[in-house]
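S.K.: Coordinates in protein26.tsv, TSV, C-alpha atoms and all ligand atoms, are listed below.
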```tsv
chain	number	residue	atom	x	y	z
A	1	MET	CA	15.70	100.14	26.23
A	2	GLU	CA	15.76	96.57	24.95
A	3	THR	CA	13.47	94.04	26.55
A	4	VAL	CA	14.66	90.75	27.99
A	5	VAL	CA	12.49	87.72	28.75
A	6	SER	CA	13.44	84.47	30.40
A	7	GLY	CA	11.42	81.59	31.69
A	8	ILE	CA	12.62	79.65	34.68
A	9	ARG	CA	11.70	75.98	34.98
A	10	SER	CA	9.40	75.58	37.93
A	11	THR	CA	10.93	72.29	38.98
A	12	GLY	CA	14.44	72.09	40.25
A	13	LYS	CA	16.20	73.82	43.05
A	14	LEU	CA	19.13	76.08	42.26
A	15	HIS	CA	22.62	74.58	42.48
A	16	LEU	CA	25.95	76.38	42.51
A	17	GLY	CA	26.25	76.03	38.73
A	18	ASN	CA	22.93	77.85	38.23
A	19	TYR	CA	23.88	80.43	40.82
A	20	TYR	CA	27.25	81.39	39.38
A	21	GLY	CA	25.92	81.02	35.82
A	22	ALA	CA	22.36	81.82	34.81
A	23	VAL	CA	21.41	83.68	37.98
A	24	GLN	CA	24.39	86.04	37.82
A	25	ASN	CA	23.39	86.69	34.21
A	26	PHE	CA	19.91	87.67	35.38
A	27	VAL	CA	21.18	89.81	38.25
A	28	ARG	CA	23.35	91.76	35.85
A	29	MET	CA	20.72	92.03	33.13
A	30	GLN	CA	18.14	93.48	35.51
A	31	GLN	CA	20.44	96.52	35.93
A	32	GLU	CA	20.82	97.06	32.21
A	33	TYR	CA	17.57	96.06	30.51
A	34	ASN	CA	13.81	96.01	30.84
A	35	CYS	CA	13.63	92.45	32.21
A	36	PHE	CA	10.75	90.01	32.50
A	37	PHE	CA	11.65	86.87	34.45
A	38	PHE	CA	8.93	84.35	35.07
A	39	ILE	CA	8.38	80.93	36.55
A	40	ALA	CA	7.16	78.71	33.73
A	41	ASP	CA	4.38	76.89	35.54
A	42	TYR	CA	2.08	76.53	32.50
A	43	HIS	CA	4.89	74.65	30.77
A	44	SER	CA	5.28	72.33	33.74
A	45	LEU	CA	1.78	70.91	33.20
A	46	THR	CA	3.14	68.74	30.38
A	47	THR	CA	4.40	66.41	33.11
A	48	HIS	CA	1.10	66.39	35.10
A	49	PRO	CA	2.30	67.51	38.56
A	50	THR	CA	-0.09	67.15	41.50
A	51	PRO	CA	-1.61	70.47	42.65
A	52	ASP	CA	0.50	70.41	45.82
A	53	ASN	CA	3.72	69.72	43.95
A	54	LEU	CA	2.96	72.40	41.38
A	55	HIS	CA	2.31	74.98	44.07
A	56	GLY	CA	5.27	73.95	46.23
A	57	ASN	CA	7.70	74.04	43.32
A	58	VAL	CA	6.61	77.48	42.17
A	59	LYS	CA	7.03	78.87	45.67
A	60	GLN	CA	10.42	77.23	46.15
A	61	VAL	CA	11.74	78.61	42.86
A	62	LEU	CA	10.47	82.12	43.60
A	63	VAL	CA	12.08	82.06	47.05
A	64	GLU	CA	15.43	80.88	45.73
A	65	TYR	CA	15.65	83.42	42.92
A	66	LEU	CA	14.80	86.23	45.32
A	67	ALA	CA	17.40	84.95	47.77
A	68	ALA	CA	19.96	84.76	44.98
A	69	GLY	CA	19.52	88.40	44.06
A	70	LEU	CA	16.62	88.94	41.65
A	71	ASP	CA	15.11	92.28	42.51
A	72	PRO	CA	11.33	92.58	42.01
A	73	GLU	CA	11.66	96.39	41.90
A	74	LYS	CA	14.16	96.30	39.05
A	75	ALA	CA	12.93	93.32	37.02
A	76	THR	CA	9.37	92.19	36.45
A	77	LEU	CA	9.38	88.92	38.34
A	78	TYR	CA	6.18	86.95	37.89
A	79	ILE	CA	4.46	83.61	37.66
A	80	GLN	CA	3.50	82.68	34.09
A	81	SER	CA	0.01	81.42	34.92
A	82	GLU	CA	-0.85	84.76	36.56
A	83	VAL	CA	-0.72	86.32	33.10
A	84	PRO	CA	-3.44	84.50	31.14
A	85	GLU	CA	-2.89	86.87	28.19
A	86	VAL	CA	0.00	84.62	27.21
A	87	ALA	CA	-2.42	81.71	26.74
A	88	GLU	CA	-4.40	83.81	24.28
A	89	LEU	CA	-1.33	84.67	22.22
A	90	TYR	CA	-0.39	80.98	22.33
A	91	LEU	CA	-3.78	80.16	20.81
A	92	PHE	CA	-3.28	82.68	18.00
A	93	LEU	CA	0.26	81.52	17.24
A	94	ASN	CA	-0.88	77.87	17.23
A	95	MET	CA	-3.02	78.61	14.17
A	96	ASN	CA	0.13	79.21	12.18
A	97	ALA	CA	2.39	76.57	13.68
A	98	TYR	CA	2.61	73.43	11.60
A	99	LEU	CA	2.67	69.82	12.71
A	100	GLY	CA	5.77	69.03	10.66
A	101	GLU	CA	7.95	71.73	12.16
A	102	LEU	CA	6.73	71.03	15.69
A	103	GLU	CA	7.47	67.32	15.30
A	104	ARG	CA	10.97	68.11	14.08
A	105	SER	CA	11.90	69.95	17.31
A	106	THR	CA	14.72	68.11	19.08
A	107	SER	CA	13.21	68.59	22.52
A	108	PHE	CA	9.94	67.06	21.30
A	109	LYS	CA	11.71	64.10	19.72
A	110	ASP	CA	13.62	63.56	22.98
A	111	LYS	CA	10.35	63.47	24.92
A	112	VAL	CA	8.76	61.04	22.47
A	113	ARG	CA	11.71	58.77	23.09
A	114	SER	CA	11.93	59.24	26.87
A	115	GLN	CA	8.20	59.25	27.74
A	116	PRO	CA	6.25	57.49	24.96
A	117	GLU	CA	3.34	57.03	27.39
A	118	ASN	CA	2.74	60.79	27.66
A	119	VAL	CA	3.20	62.49	24.30
A	120	ASN	CA	0.57	65.19	24.78
A	121	ALA	CA	-0.27	68.19	22.58
A	122	GLY	CA	1.23	70.51	25.22
A	123	LEU	CA	4.61	68.92	24.59
A	124	LEU	CA	4.18	69.27	20.85
A	125	THR	CA	3.29	72.96	21.14
A	126	TYR	CA	5.74	73.75	23.95
A	127	PRO	CA	7.80	75.93	21.56
A	128	VAL	CA	4.67	77.90	20.61
A	129	LEU	CA	3.95	78.76	24.24
A	130	MET	CA	7.59	79.70	24.69
A	131	ALA	CA	7.36	81.96	21.62
A	132	ALA	CA	4.25	83.58	23.11
A	133	ASP	CA	6.13	84.16	26.40
A	134	ILE	CA	8.76	86.12	24.52
A	135	LEU	CA	6.76	87.83	21.79
A	136	ILE	CA	4.10	89.11	24.17
A	137	TYR	CA	6.66	91.61	25.55
A	138	LYS	CA	8.29	92.14	22.14
A	139	ALA	CA	11.53	91.02	23.70
A	140	THR	CA	14.74	90.90	21.65
A	141	LYS	CA	17.09	89.29	24.16
A	142	VAL	CA	16.56	85.93	25.83
A	143	PRO	CA	19.16	84.68	28.33
A	144	VAL	CA	19.05	80.91	27.79
A	145	GLY	CA	21.53	78.11	27.28
A	146	LYS	CA	22.52	76.30	24.10
A	147	ASP	CA	19.76	73.72	24.53
A	148	GLN	CA	17.16	76.43	23.90
A	149	GLU	CA	18.62	77.73	20.60
A	150	GLN	CA	16.16	75.77	18.50
A	151	HIS	CA	13.21	77.04	20.51
A	152	LEU	CA	14.36	80.60	19.91
A	153	GLU	CA	14.68	79.95	16.22
A	154	MET	CA	11.07	78.75	16.27
A	155	ALA	CA	10.02	81.88	18.16
A	156	ARG	CA	11.55	83.97	15.38
A	157	THR	CA	9.78	81.83	12.78
A	158	PHE	CA	6.37	82.24	14.45
A	159	GLY	CA	6.83	85.99	14.95
A	160	ASN	CA	7.96	86.52	11.36
A	161	ARG	CA	5.13	84.37	10.05
A	162	PHE	CA	2.60	86.50	11.92
A	163	ASN	CA	4.22	89.63	10.53
A	164	ARG	CA	4.11	88.28	6.97
A	165	LEU	CA	0.52	87.07	7.25
A	166	TYR	CA	-0.71	90.45	8.43
A	167	GLN	CA	1.82	92.45	6.44
A	168	ASN	CA	3.40	94.36	9.25
A	169	ASP	CA	6.51	94.27	11.42
A	170	TYR	CA	4.75	93.92	14.73
A	171	PHE	CA	7.00	91.35	16.43
A	172	PRO	CA	10.78	91.93	16.60
A	173	GLU	CA	13.16	88.94	16.41
A	174	PRO	CA	14.35	87.52	19.73
A	175	TYR	CA	17.89	86.17	20.06
A	176	ALA	CA	19.72	84.21	22.73
A	177	PHE	CA	21.90	86.36	24.92
A	178	SER	CA	24.54	85.72	27.53
A	179	TYR	CA	27.55	87.33	29.18
A	180	ALA	CA	28.92	83.79	29.02
A	181	LYS	CA	32.50	84.60	28.07
A	182	GLN	CA	32.89	86.35	31.41
A	183	LEU	CA	31.13	83.76	33.51
A	184	VAL	CA	32.90	81.08	35.48
A	185	LYS	CA	32.23	77.43	34.70
A	186	ILE	CA	31.13	75.37	37.66
A	187	PRO	CA	32.12	71.71	37.43
A	188	GLY	CA	30.19	69.00	39.22
A	189	LEU	CA	31.49	66.80	42.02
A	190	ASP	CA	31.64	63.64	39.94
A	191	GLY	CA	34.67	64.81	37.98
A	192	LYS	CA	32.95	64.45	34.64
A	193	GLY	CA	31.96	67.96	33.68
A	194	LYS	CA	29.40	70.63	34.45
A	195	MET	CA	27.39	70.71	37.63
A	196	GLY	CA	23.86	69.60	36.84
A	197	LYS	CA	20.97	67.83	38.44
A	198	SER	CA	20.57	65.33	35.59
A	199	GLU	CA	23.97	64.01	36.62
A	200	GLY	CA	22.47	62.81	39.90
A	201	GLU	CA	21.81	64.46	43.26
A	202	ALA	CA	25.33	63.95	44.58
A	203	ASN	CA	26.93	65.77	41.67
A	204	ALA	CA	25.45	69.13	42.58
A	205	VAL	CA	25.51	71.33	45.66
A	206	TYR	CA	22.18	73.09	46.06
A	207	LEU	CA	21.70	76.53	47.58
A	208	ALA	CA	19.09	75.04	49.86
A	209	ASP	CA	21.31	72.13	50.99
A	210	ASP	CA	22.03	72.19	54.68
A	211	VAL	CA	25.58	72.41	55.94
A	212	GLU	CA	25.91	68.69	56.73
A	213	THR	CA	24.69	67.70	53.27
A	214	ILE	CA	27.26	69.98	51.63
A	215	ARG	CA	30.05	68.45	53.74
A	216	LYS	CA	28.96	64.94	52.84
A	217	LYS	CA	28.71	65.67	49.12
A	218	VAL	CA	32.11	67.32	48.94
A	219	MET	CA	33.85	64.63	51.00
A	220	ARG	CA	32.44	62.03	48.60
A	221	ALA	CA	33.68	63.86	45.50
A	222	VAL	CA	35.78	61.70	43.21
A	223	THR	CA	39.58	62.06	43.42
A	224	ASP	CA	42.51	59.95	42.22
A	225	SER	CA	45.52	58.30	43.86
A	226	GLY	CA	47.41	61.61	44.01
A	227	PRO	CA	50.21	63.27	42.06
A	228	SER	CA	53.38	61.24	41.50
A	229	GLN	CA	55.53	63.91	39.87
A	230	ALA	CA	56.20	67.50	40.88
A	231	ASN	CA	54.23	70.08	38.88
A	232	GLN	CA	52.37	67.49	36.86
A	233	GLU	CA	49.23	68.50	35.03
A	234	LYS	CA	46.08	67.86	37.04
A	235	PRO	CA	43.68	65.23	35.72
A	236	GLU	CA	40.14	66.48	35.11
A	237	VAL	CA	38.64	65.16	38.37
A	238	ILE	CA	41.21	67.09	40.38
A	239	GLN	CA	41.20	70.19	38.21
A	240	ASN	CA	37.43	70.38	38.66
A	241	LEU	CA	37.77	70.51	42.44
A	242	PHE	CA	40.44	73.19	42.13
A	243	ASP	CA	38.11	75.14	39.82
A	244	LEU	CA	35.43	74.99	42.50
A	245	MET	CA	37.94	76.14	45.09
A	246	LYS	CA	38.86	79.09	42.90
A	247	VAL	CA	35.23	80.23	43.05
A	248	VAL	CA	34.52	79.81	46.76
A	249	SER	CA	37.88	80.07	48.56
A	250	SER	CA	40.35	82.91	49.09
A	251	PRO	CA	43.29	83.21	46.64
A	252	ASP	CA	45.68	82.31	49.49
A	253	THR	CA	43.87	79.07	50.21
A	254	TYR	CA	43.87	78.18	46.54
A	255	THR	CA	47.59	78.87	46.19
A	256	HIS	CA	48.33	76.88	49.34
A	257	PHE	CA	46.67	73.71	48.02
A	258	ASP	CA	48.00	74.26	44.52
A	259	GLU	CA	51.53	74.30	45.95
A	260	LEU	CA	50.86	71.17	48.01
A	261	TYR	CA	49.67	69.44	44.85
A	262	ASN	CA	52.70	70.57	42.92
A	263	ASN	CA	55.04	69.24	45.66
A	264	CYS	CA	53.10	65.97	45.77
A	265	GLN	CA	52.22	66.66	49.40
A	266	ILE	CA	48.51	67.21	49.03
A	267	ARG	CA	46.12	65.22	51.20
A	268	TYR	CA	42.79	65.11	49.45
A	269	GLY	CA	40.92	64.70	52.73
A	270	ASP	CA	42.23	68.06	54.01
A	271	PHE	CA	41.74	69.66	50.62
A	272	LYS	CA	38.09	68.59	50.43
A	273	LYS	CA	37.45	69.58	54.05
A	274	GLN	CA	38.67	73.09	53.28
A	275	LEU	CA	36.65	73.20	50.04
A	276	ALA	CA	33.49	72.16	51.87
A	277	GLU	CA	33.94	74.77	54.62
A	278	ASP	CA	34.59	77.55	52.12
A	279	MET	CA	31.59	76.46	50.06
A	280	ILE	CA	29.46	76.61	53.19
A	281	LEU	CA	30.76	80.11	53.99
A	282	ALA	CA	30.23	81.35	50.45
A	283	THR	CA	26.62	80.18	50.36
A	284	ALA	CA	25.68	81.02	53.98
A	285	PRO	CA	24.09	84.41	53.19
A	286	ILE	CA	21.88	82.86	50.50
A	287	ARG	CA	20.88	79.98	52.77
A	288	GLU	CA	19.87	82.51	55.41
A	289	ARG	CA	17.88	84.58	52.95
A	290	ILE	CA	16.12	81.47	51.64
A	291	GLN	CA	14.93	80.74	55.18
A	292	GLU	CA	13.90	84.33	55.83
A	293	ILE	CA	11.97	84.74	52.59
A	294	GLU	CA	10.40	81.29	52.78
A	295	SER	CA	8.67	82.15	56.04
A	296	ASP	CA	7.63	85.66	54.97
A	297	THR	CA	4.37	84.89	53.24
A	298	ALA	CA	3.31	88.54	53.18
A	299	TYR	CA	6.46	89.53	51.30
A	300	LEU	CA	6.10	86.68	48.79
A	301	LYS	CA	2.51	87.66	48.17
A	302	LYS	CA	3.53	91.27	47.57
A	303	VAL	CA	6.28	90.23	45.16
A	304	ALA	CA	3.93	88.02	43.17
A	305	GLN	CA	1.26	90.73	43.03
A	306	LEU	CA	3.67	93.39	41.84
A	307	GLY	CA	5.03	91.05	39.16
A	308	THR	CA	1.58	90.12	37.94
A	309	GLU	CA	0.54	93.77	37.69
A	310	LYS	CA	3.60	94.85	35.73
A	311	ALA	CA	3.54	91.83	33.40
A	312	ARG	CA	-0.18	91.99	32.72
A	313	ALA	CA	-0.10	95.70	31.92
A	314	SER	CA	2.42	95.05	29.17
A	315	ALA	CA	0.90	91.77	27.95
A	316	ALA	CA	-2.61	93.23	27.77
A	317	ARG	CA	-1.37	96.03	25.52
A	318	THR	CA	0.07	93.49	23.08
A	319	ILE	CA	-3.04	91.35	23.09
A	320	LYS	CA	-5.24	94.37	22.38
A	321	GLU	CA	-3.09	95.29	19.38
A	322	VAL	CA	-2.81	91.71	18.16
A	323	ARG	CA	-6.59	91.24	18.28
A	324	GLU	CA	-6.99	94.41	16.28
A	325	ILE	CA	-4.43	93.23	13.70
A	326	ILE	CA	-6.07	89.82	13.35
A	327	GLY	CA	-9.45	91.42	12.82
A	328	PHE	CA	-11.20	90.91	16.16
A	329	ARG	CA	-12.77	94.34	16.18
A	330	SER	CA	-15.72	95.59	18.14
A	331	LEU	CA	-18.88	95.89	16.08
B	401	LIG	N1	12.16	76.28	27.76
B	401	LIG	C1	12.88	76.96	28.80
B	401	LIG	C2	13.73	75.93	29.56
B	401	LIG	O1	13.49	74.75	29.47
B	401	LIG	C3	11.96	77.67	29.75
B	401	LIG	C4	11.18	78.74	29.09
B	401	LIG	C5	9.83	78.75	28.89
B	401	LIG	C6	11.68	79.95	28.56
B	401	LIG	N2	9.46	79.89	28.27
B	401	LIG	C7	10.56	80.65	28.04
B	401	LIG	C8	12.96	80.50	28.46
B	401	LIG	C9	10.71	81.90	27.44
B	401	LIG	C10	13.10	81.73	27.87
B	401	LIG	C11	11.98	82.43	27.35
B	401	LIG	O2	14.64	76.31	30.26
```
Rewrite the structure of this file - the entire thing - as C-alpha cells.
M.R.:
Amino acid sequence: METVVSGIRSTGKLHLGNYYGAVQNFVRMQQEYNCFFFIADYHSLTTHPTPDNLHGNVKQVLVEYLAAGLDPEKATLYIQSEVPEVAELYLFLNMNAYLGELERSTSFKDKVRSQPENVNAGLLTYPVLMAADILIYKATKVPVGKDQEQHLEMARTFGNRFNRLYQNDYFPEPYAFSYAKQLVKIPGLDGKGKMGKSEGEANAVYLADDVETIRKKVMRAVTDSGPSQANQEKPEVIQNLFDLMKVVSSPDTYTHFDELYNNCQIRYGDFKKQLAEDMILATAPIRERIQEIESDTAYLKKVAQLGTEKARASAARTIKEVREIIGFRSL
C-alpha cells in the first residue's frame, strides 16, 4: 500500500474551506492509504512562539482535526516534535542541501521580504525539514496545495541526491496528490474568492466559531444592490454566497432562493439569515465534538501516545538503515 504524509500547520483554526477541502481529502485518504498526518510544530519555531502559544496551538489543531473526522486508529496521527528521528534525518539531508537552491525557494524569498528582521536558518532550511518529514516514511503521496509544489520538488531533489551519493534507490519520489477535481470550492464571505484566513478574520467561518459569531459574519457578507433583470447572471459576490448555500443548505432551499433571485424578488437579508442558520446546522456536530474532545484530556493523551508510537516505529527503522548507508556502523 502506498504511503501518504502530510504536515498540518500548527497555527490556524480550521475554517469551512479547510473542512470541505483538505480535511475531506485526509478523511478519504485514511481509508485508502497508509497515512501519516502530523502537526508541524518543529516548523512553527521559525516564528518564535511563546511556550504557551506553541502548546495551545498544537492542542487546538489536534482537537479540531479529530472533531472533523481524522481517525487515529486508521491514520497515524502525531505531533512532529514527538518523533525526534525526523530531526536526525533533517541533519543528514542538510549536508547535501545547498545555499543557492535554498535561497531560491519562493517561500523563503517571501519571508525575507515580509520579515527581514527574522531571517533565521530554520526558515532557510524549512524545505529540508519538510523533505525529512516525507522521506522518513518513504511516502510517495503528499496531499498539499499548489503553494507547496516547489517544496515537494525539493524533497524529490534531496531524496534523489541521497540516492545518487550512496548509489542506491533508498528514497522513492514523493508527489503532490489530491482528489481536487471532485472537491467543492468554498468561497469566502468577502466576495473576492476562496475562503482563507489571510483574507481577514471576517472572510472565514471557523469550525470553532460560536453560533452568534457565524450569524454576524454571514450577515455582514458583501452583497450588491440586487438583480434588475429576470434570470440575469449573478455577479461573483452573489454567486459565492449561493455556492456556500449549495454546500450547507438543502436543495429545496437553494432552489427557492435561486428562483427569488431570478424573479428579482430576493431579499438579501432573508437569504443571508437562511444561509447562516443552515451553516450553523451543518457545523453543529463538529462544534459539539470540538467541545467534547477539548475537555477529554485522557483521550487526547491516548491519541498522541498512539500516534507517537506508530510514527516512531516506522521512523526509527528508516534512521537505522540510513545510518548504515551513510557509514555510521558499530565498531
Ligand atoms: N509546509 C506545509 C504547509 O505550509 C506543512 C508541512 C510541513 C508539510 N511538513 C510537511 C506538508 C510534510 C506535507 C508534508 O502547509
S.K.: I'd like to know which of A:Gly200, A:Pro172, A:Gly12, A:Gly69 is closest to Phe158 in chain A, using all atoms listed in the file.
M.R.: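 Among the listed residues, A:Pro172 lies closest to Phe158 in chain A.
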S.K.: Select from chain A every residue with an atom at most 9 Å from any atom of ligand LIG 401 (chain B), then for each give the shortest pair of atoms and their distance in Å to one decimal, using only C-alpha atoms and all ligand atoms, rows by chain and rising number, as CSV.
M.R.:
```
residue,atom,partner,partner_atom,distance
A:Val4,CA,B:LIG401,C11,8.8
A:Val5,CA,B:LIG401,C11,5.5
A:Ser6,CA,B:LIG401,C10,3.7
A:Gly7,CA,B:LIG401,C6,3.5
A:Ile8,CA,B:LIG401,C3,5.4
A:Arg9,CA,B:LIG401,C3,5.5
A:Ser10,CA,B:LIG401,C3,8.8
A:Phe37,CA,B:LIG401,C11,8.4
A:Phe38,CA,B:LIG401,C7,8.1
A:Ile39,CA,B:LIG401,C5,8.1
A:Ala40,CA,B:LIG401,C5,5.5
A:Asp41,CA,B:LIG401,C5,8.8
A:Tyr42,CA,B:LIG401,C5,8.8
A:His43,CA,B:LIG401,C5,6.7
A:Gln80,CA,B:LIG401,N2,8.8
A:Tyr126,CA,B:LIG401,N1,7.9
A:Pro127,CA,B:LIG401,N1,7.6
A:Leu129,CA,B:LIG401,N2,6.9
A:Met130,CA,B:LIG401,N2,4.0
A:Ala131,CA,B:LIG401,C9,6.7
A:Ala132,CA,B:LIG401,C9,8.0
A:Asp133,CA,B:LIG401,C9,5.2
A:Ile134,CA,B:LIG401,C9,5.5
A:Val142,CA,B:LIG401,C10,5.8
A:Pro143,CA,B:LIG401,C10,6.8
A:Val144,CA,B:LIG401,C10,6.0
A:Gly145,CA,B:LIG401,O2,7.7
A:Asp147,CA,B:LIG401,O1,8.0
A:Gln148,CA,B:LIG401,N1,6.3
A:His151,CA,B:LIG401,N1,7.4
A:Leu152,CA,B:LIG401,C11,8.0
A:Ala176,CA,B:LIG401,C10,8.7
```
S.K.: Quick one: residues within 12 Å of range 296-300 of chain A, all atoms listed in the file, excluding same-chain residues fewer than 3 positions away - as a PyMOL selection string?
M.R.: chain A and resi 58-67+72+77-79+289-293+303-307
S.K.: Which of these residues is nearest to Tyr20 in chain A, using all atoms listed in the file: A:Ile238, A:Ala282, A:Leu123, A:Tyr166?
M.R.: A:Ala282
S.K.: One decimal, Å: what's the distance from CA of Glu101 in chain A over to CA of Val119 in chain A, could you say?
M.R.: 16.0 Å
S.K.: Between A:Arg161, A:Glu321, A:His55, A:Ser114, single out the one closest to Leu93 in chain A, counting all atoms listed in the file.
M.R.: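 Using all atoms listed in the file, Leu93 in chain A sits closest to A:Arg161.
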S.K.: Do a neighbour search on Leu91 in chain A at 12 Å with only C-alpha atoms, toss out local chain neighbours closer than 5 positions, and write the hits as a list in words.
M.R.: Pro84, Glu85, Val86, Asn96, Ala97, Gly122, Thr125, Tyr126, Val128, Leu129, Ala131, Ala132, Ile319, Val322 and Arg323 of chain A
S.K.: Just the residues within 9 Å of range 221-223 of chain A, please, counting all atoms listed in the file, with nothing from its chain fewer than 3 positions along; format it as a list in words.
M.R.: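 Answer for this query is Gly188, Leu189, Asp190, Gly191, Ala202, Asn203, Lys216, Lys217, Val218, Gly226, Val237, Ile238, Leu241, Tyr268 and Lys272 of chain A.
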S.K.: Write out the residues from the selection above, keeping C-alpha atoms, as an mmCIF file, in the frame of the given file.
M.R.:
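Contents of selection.cif, as written:
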```cif
data_model
loop_
_atom_site.group_PDB
_atom_site.id
_atom_site.type_symbol
_atom_site.label_atom_id
_atom_site.label_comp_id
_atom_site.auth_asym_id
_atom_site.auth_seq_id
_atom_site.Cartn_x
_atom_site.Cartn_y
_atom_site.Cartn_z
ATOM 1 C CA GLY A 188 30.190 69.000 39.220
ATOM 2 C CA LEU A 189 31.490 66.800 42.020
ATOM 3 C CA ASP A 190 31.640 63.640 39.940
ATOM 4 C CA GLY A 191 34.670 64.810 37.980
ATOM 5 C CA ALA A 202 25.330 63.950 44.580
ATOM 6 C CA ASN A 203 26.930 65.770 41.670
ATOM 7 C CA LYS A 216 28.960 64.940 52.840
ATOM 8 C CA LYS A 217 28.710 65.670 49.120
ATOM 9 C CA VAL A 218 32.110 67.320 48.940
ATOM 10 C CA GLY A 226 47.410 61.610 44.010
ATOM 11 C CA VAL A 237 38.640 65.160 38.370
ATOM 12 C CA ILE A 238 41.210 67.090 40.380
ATOM 13 C CA LEU A 241 37.770 70.510 42.440
ATOM 14 C CA TYR A 268 42.790 65.110 49.450
ATOM 15 C CA LYS A 272 38.090 68.590 50.430
#
```
S.K.: What does the distance between CA of Met29 in chain A and CA of Asn57 in chain A come to in Å, to one decimal place?
M.R.: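 Answer for the CA of Met29 in chain A to CA of Asn57 in chain A separation: 24.4 Å.
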S.K.: Kindly indicate which residue among A:Thr11, A:Glu277, A:Leu244, A:Glu294 lies nearest to Pro49 in chain A, using all atoms listed in the file for the distances.
M.R.: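 Answer, going by the shortest atom-to-atom distance: A:Thr11.
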S.K.: Quote the spacing between CA of Ala155 in chain A and CA of Phe171 in chain A in Å to one decimal place.
M.R.: 10.1 Å
S.K.: Using all atoms listed in the file for the distances, tell me which of A:Tyr206, A:Phe257, A:Tyr175, A:Phe92 is nearest to Lys138 in chain A.
M.R.: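 Smallest distance to Lys138 in chain A is found for A:Tyr175.
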S.K.: For Ile266 in chain A, please output as JSON, numbers by chain all residues within 9 Å (counting all atoms listed in the file; exclusion window: fewer than 5 positions along the same chain).
M.R.: {"A": [226, 227, 257, 258, 259, 260, 261, 271]}
S.K.: Write the residues you've just listed into a file as a PDB file, in the coordinates of the input, and include C-alpha atoms for each of them.
M.R.:
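Output contents, as saved in out-v6.pdb:
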```pdb
ATOM      1  CA  GLY A 226      47.410  61.610  44.010  1.00  0.00           C
ATOM      2  CA  PRO A 227      50.210  63.270  42.060  1.00  0.00           C
ATOM      3  CA  PHE A 257      46.670  73.710  48.020  1.00  0.00           C
ATOM      4  CA  ASP A 258      48.000  74.260  44.520  1.00  0.00           C
ATOM      5  CA  GLU A 259      51.530  74.300  45.950  1.00  0.00           C
ATOM      6  CA  LEU A 260      50.860  71.170  48.010  1.00  0.00           C
ATOM      7  CA  TYR A 261      49.670  69.440  44.850  1.00  0.00           C
ATOM      8  CA  PHE A 271      41.740  69.660  50.620  1.00  0.00           C
TER       9      PHE A 271
END
```
S.K.: Select all residues near (56.0, 68.3, 41.9) (cut-off 6 Å, inclusive, file coordinates), counting only C-alpha atoms, and output them as a list in words.
M.R.: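 Selection result: Gln229, Ala230, Asn231, Asn262, Asn263 and Cys264 of chain A.
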S.K.: Which is closest to Glu88 in chain A among A:Lys234, A:Ile136, A:Arg215, A:Ala208, if we use all atoms listed in the file?
M.R.: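 Distance minimum relative to Glu88 in chain A lands on A:Ile136.
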S.K.: Got a sec: who's within 10 Å of Arg28 in chain A, counting only C-alpha atoms, leaving out chain neighbours fewer than 3 positions off, as a PyMOL selection string?
M.R.: chain A and resi 23-25+31-33+69-70+179
S.K.: Write the residues you've just listed into a file as a short mmCIF file (atom, residue, chain, number, x, y, z; two decimals), keeping the file's coordinate frame, and include C-alpha atoms for each of them.
M.R.:
```cif
data_model
loop_
_atom_site.label_atom_id
_atom_site.label_comp_id
_atom_site.auth_asym_id
_atom_site.auth_seq_id
_atom_site.Cartn_x
_atom_site.Cartn_y
_atom_site.Cartn_z
CA VAL A 23 21.41 83.68 37.98
CA GLN A 24 24.39 86.04 37.82
CA ASN A 25 23.39 86.69 34.21
CA GLN A 31 20.44 96.52 35.93
CA GLU A 32 20.82 97.06 32.21
CA TYR A 33 17.57 96.06 30.51
CA GLY A 69 19.52 88.40 44.06
CA LEU A 70 16.62 88.94 41.65
CA TYR A 179 27.55 87.33 29.18
#
```
